[in-house]
Amino acid sequence: MFRLTQYMRELVHPTPVRRRSGPVKPVVIWNLTRTCNLRCRHCYTTSADVPFPGELSHEQAMGVLDDLAGFGIPALILSGGEPLSRFDFFPLAERARELGFRHLSLSTNGTRVAEHIDRLVELDFDYVGISLDGIGQMNDWFRGVDGAYDAALAGVRACKARGVKVGLRFTITEDNADMLPAMIDLCDAEGVDKFYLSHLVYAGRGNKNRGEDTARARTRKAMDQLIDRAWVAVAEDQPLEIVTGNNDADAVWFLRWVERNFPSQRAAHVAQHLEAWGGNSSGLGVANIDPQGKVHPDTYWSDYTVGSVKDTPFSTLWTGADPMLATLRQRPRPLKGRCGACAFKDICGGNTRIRALQVTGDPWAEDPACYLTNAEIGVDEADRIAVSPFRGKSHDPEHRFL
């Protein structure tokens, strides 16, 4: 996750650079179930409104919570499918709160939040993230169910009315990119605390629909819109926090903006913070447990399994000798093509490896969704490899590498 507003604030209120020391404990995103009442076009878990066999039992899930708490993870995100669809969601959430996780979040489609708001308030979630992929019918088309927008918006309003910190998550694609300004206006109108722009990742139905990935020019435009809005929020001390996910090239795009608009010492300061952050954190600062208890480097690496918590505690799996985790934790990673030659890989970390794997079969190839030009990342034409994430729809070839 790239915390745009946080690094924007460094331009106004600089802070000392903090670098990692010692072993990194991951934020754990736990997909409690694949069951979901919606049918989202980009769902990375390919969920549906049916029960799925093999999901963790209540006793197994409670044991996972005990292990995660003992391991000392910094944050736990309960996700799905739709996590509120799991039969024992509230007992699990109650146990998680009792165990004292430093940060406990809920990632939901929002359609059932209003009906459960009393319990969510009692559990004192630190954050509730609600997914919306456009306004009104656009969201319902993406989510596959009429009325999903109104139900999710009711969830947002219920959270705000009860003092629960709430954010909107928007996955940008070719079809809904034009709605980005309206989504930010919605955040302002509803007093939303955080806006999360998610770039499409080629996993689950997101892989099937990757022809909808925004063309490079649209991605650049979207980032410019977010940067402008984040600057207004910081300059005017407004509360909306803006973050992005699943395309760590966003940090480099932001740094180039800083370099154009601020003195060199400010840019150097921001660059140091971004290098300390280090970009993509799959397998290092982020981990995933899927509904069946399988552990993955992040939520999109469903085809690569470190092991299962049904057999081995998460803490043991994460600190073991898994070869993929070991390679993901290398700095620099063994990147190829444009990513390997990029002058900013210390900031980006090689971006999203699963996209490279889905397109080329090689997890260390260049990320095909990097939207910066060769000149912008200091890459010679000879370092480029010709891969394209686009299938299905035709796109102007200039959008591939600009």
# chains A, B, ... in the order shown; residues from 1 in each chain; ligands from 1
>>> residues_around(residues="Pro23 in chain A", least_positions_apart="4", cutoff="10 Å", atoms="only C-alpha atoms", output="PyMOL selection string")
chain A and resi 284-285+319
>>> write_last_selection(atoms="C-alpha atoms", output="compact mmCIF listing (two decimals), in the first residue's frame")
# COMPACT_ATOMS: atom_id res chain seq x y z
CA LEU A 284 7.64 -9.66 3.78
CA GLY A 285 5.32 -7.06 5.31
CA THR A 319 9.62 -17.95 9.60
>>> select_by_dssp(residues="range 188-320 of chain A", states="alpha helix (DSSP H)", output="PyMOL selection string")
chain A and resi 188-190+205-208+216-235+249-261+264-277+314-318
>>> residues_around(residues="range 11-21 of chain A", least_positions_apart="3", cutoff="7 Å", atoms="only C-alpha atoms", output="ChimeraX atom specification")
/A:8,266,272-273,276
>>> write_last_selection(atoms="all heavy atoms", output="PDB file, in the first residue's frame")
ATOM      1  N   MET A   8       2.838  12.931   1.244  1.00  0.00           N
ATOM      2  CA  MET A   8       2.561  14.323   0.892  1.00  0.00           C
ATOM      3  C   MET A   8       2.788  15.227   2.097  1.00  0.00           C
ATOM      4  O   MET A   8       3.310  16.352   1.966  1.00  0.00           O
ATOM      5  CB  MET A   8       1.123  14.437   0.390  1.00  0.00           C
ATOM      6  CG  MET A   8       0.739  15.806  -0.125  1.00  0.00           C
ATOM      7  SD  MET A   8       1.438  16.156  -1.754  1.00  0.00           S
ATOM      8  CE  MET A   8       0.312  15.229  -2.813  1.00  0.00           C
ATOM      9  N   ARG A 266      13.616  19.108  -0.658  1.00  0.00           N
ATOM     10  CA  ARG A 266      12.343  18.485  -0.299  1.00  0.00           C
ATOM     11  C   ARG A 266      12.201  17.145  -1.030  1.00  0.00           C
ATOM     12  O   ARG A 266      11.755  16.153  -0.445  1.00  0.00           O
ATOM     13  CB  ARG A 266      11.181  19.405  -0.674  1.00  0.00           C
ATOM     14  CG  ARG A 266      11.135  20.716   0.076  1.00  0.00           C
ATOM     15  CD  ARG A 266      10.518  20.566   1.449  1.00  0.00           C
ATOM     16  NE  ARG A 266      10.324  21.861   2.083  1.00  0.00           N
ATOM     17  CZ  ARG A 266       9.204  22.562   2.013  1.00  0.00           C
ATOM     18  NH1 ARG A 266       8.176  22.076   1.349  1.00  0.00           N
ATOM     19  NH2 ARG A 266       9.109  23.723   2.627  1.00  0.00           N
ATOM     20  N   GLN A 272      14.048   9.702   0.420  1.00  0.00           N
ATOM     21  CA  GLN A 272      14.586   8.898   1.523  1.00  0.00           C
ATOM     22  C   GLN A 272      13.468   8.156   2.257  1.00  0.00           C
ATOM     23  O   GLN A 272      13.623   6.977   2.619  1.00  0.00           O
ATOM     24  CB  GLN A 272      15.347   9.804   2.491  1.00  0.00           C
ATOM     25  CG  GLN A 272      16.658  10.326   1.926  1.00  0.00           C
ATOM     26  CD  GLN A 272      17.325  11.327   2.851  1.00  0.00           C
ATOM     27  OE1 GLN A 272      16.740  11.760   3.849  1.00  0.00           O
ATOM     28  NE2 GLN A 272      18.553  11.693   2.532  1.00  0.00           N
ATOM     29  N   HIS A 273      12.346   8.826   2.465  1.00  0.00           N
ATOM     30  CA  HIS A 273      11.212   8.159   3.109  1.00  0.00           C
ATOM     31  C   HIS A 273      10.682   7.025   2.242  1.00  0.00           C
ATOM     32  O   HIS A 273      10.344   5.946   2.752  1.00  0.00           O
ATOM     33  CB  HIS A 273      10.097   9.176   3.387  1.00  0.00           C
ATOM     34  CG  HIS A 273      10.233   9.875   4.698  1.00  0.00           C
ATOM     35  ND1 HIS A 273       9.770   9.344   5.881  1.00  0.00           N
ATOM     36  CD2 HIS A 273      10.802  11.069   5.017  1.00  0.00           C
ATOM     37  CE1 HIS A 273      10.032  10.176   6.878  1.00  0.00           C
ATOM     38  NE2 HIS A 273      10.652  11.241   6.385  1.00  0.00           N
ATOM     39  N   ALA A 276      12.953   4.055   2.402  1.00  0.00           N
ATOM     40  CA  ALA A 276      12.796   3.348   3.678  1.00  0.00           C
ATOM     41  C   ALA A 276      11.535   2.488   3.656  1.00  0.00           C
ATOM     42  O   ALA A 276      11.503   1.402   4.248  1.00  0.00           O
ATOM     43  CB  ALA A 276      12.735   4.350   4.826  1.00  0.00           C
TER      44      ALA A 276
END
>>> residues_around(residues="Val270 in chain A", least_positions_apart="5", cutoff="8 Å", atoms="only C-alpha atoms", output="ChimeraX atom specification")
/A:7,10-11,255
>>> write_last_selection(atoms="N, CA, C and O atoms", output="PDB file, in the first residue's frame")
ATOM      1  N   TYR A   7       3.009  10.622   2.684  1.00  0.00           N
ATOM      2  CA  TYR A   7       4.242  11.152   2.109  1.00  0.00           C
ATOM      3  C   TYR A   7       4.061  12.565   1.594  1.00  0.00           C
ATOM      4  O   TYR A   7       5.027  13.347   1.554  1.00  0.00           O
ATOM      5  N   GLU A  10       4.986  14.987   4.288  1.00  0.00           N
ATOM      6  CA  GLU A  10       6.414  15.224   4.499  1.00  0.00           C
ATOM      7  C   GLU A  10       6.882  16.512   3.839  1.00  0.00           C
ATOM      8  O   GLU A  10       7.908  17.070   4.212  1.00  0.00           O
ATOM      9  N   LEU A  11       6.128  16.998   2.856  1.00  0.00           N
ATOM     10  CA  LEU A  11       6.477  18.264   2.209  1.00  0.00           C
ATOM     11  C   LEU A  11       6.152  19.463   3.091  1.00  0.00           C
ATOM     12  O   LEU A  11       6.746  20.528   2.940  1.00  0.00           O
ATOM     13  N   LEU A 255       6.956  10.860  -6.686  1.00  0.00           N
ATOM     14  CA  LEU A 255       8.266  11.479  -6.513  1.00  0.00           C
ATOM     15  C   LEU A 255       8.599  12.388  -7.689  1.00  0.00           C
ATOM     16  O   LEU A 255       9.163  13.481  -7.492  1.00  0.00           O
TER      17      LEU A 255
END
>>> atom_distance(atom1="CA of Glu82 in chain A", atom2="CA of Lys25 in chain A")
25.7 Å
>>> residues_around(residues="range 96-99 of chain A", least_positions_apart="3", cutoff="8 Å", atoms="only C-alpha atoms", output="JSON, numbers by chain")
{"A": [65, 66, 69, 92, 93, 104, 123]}
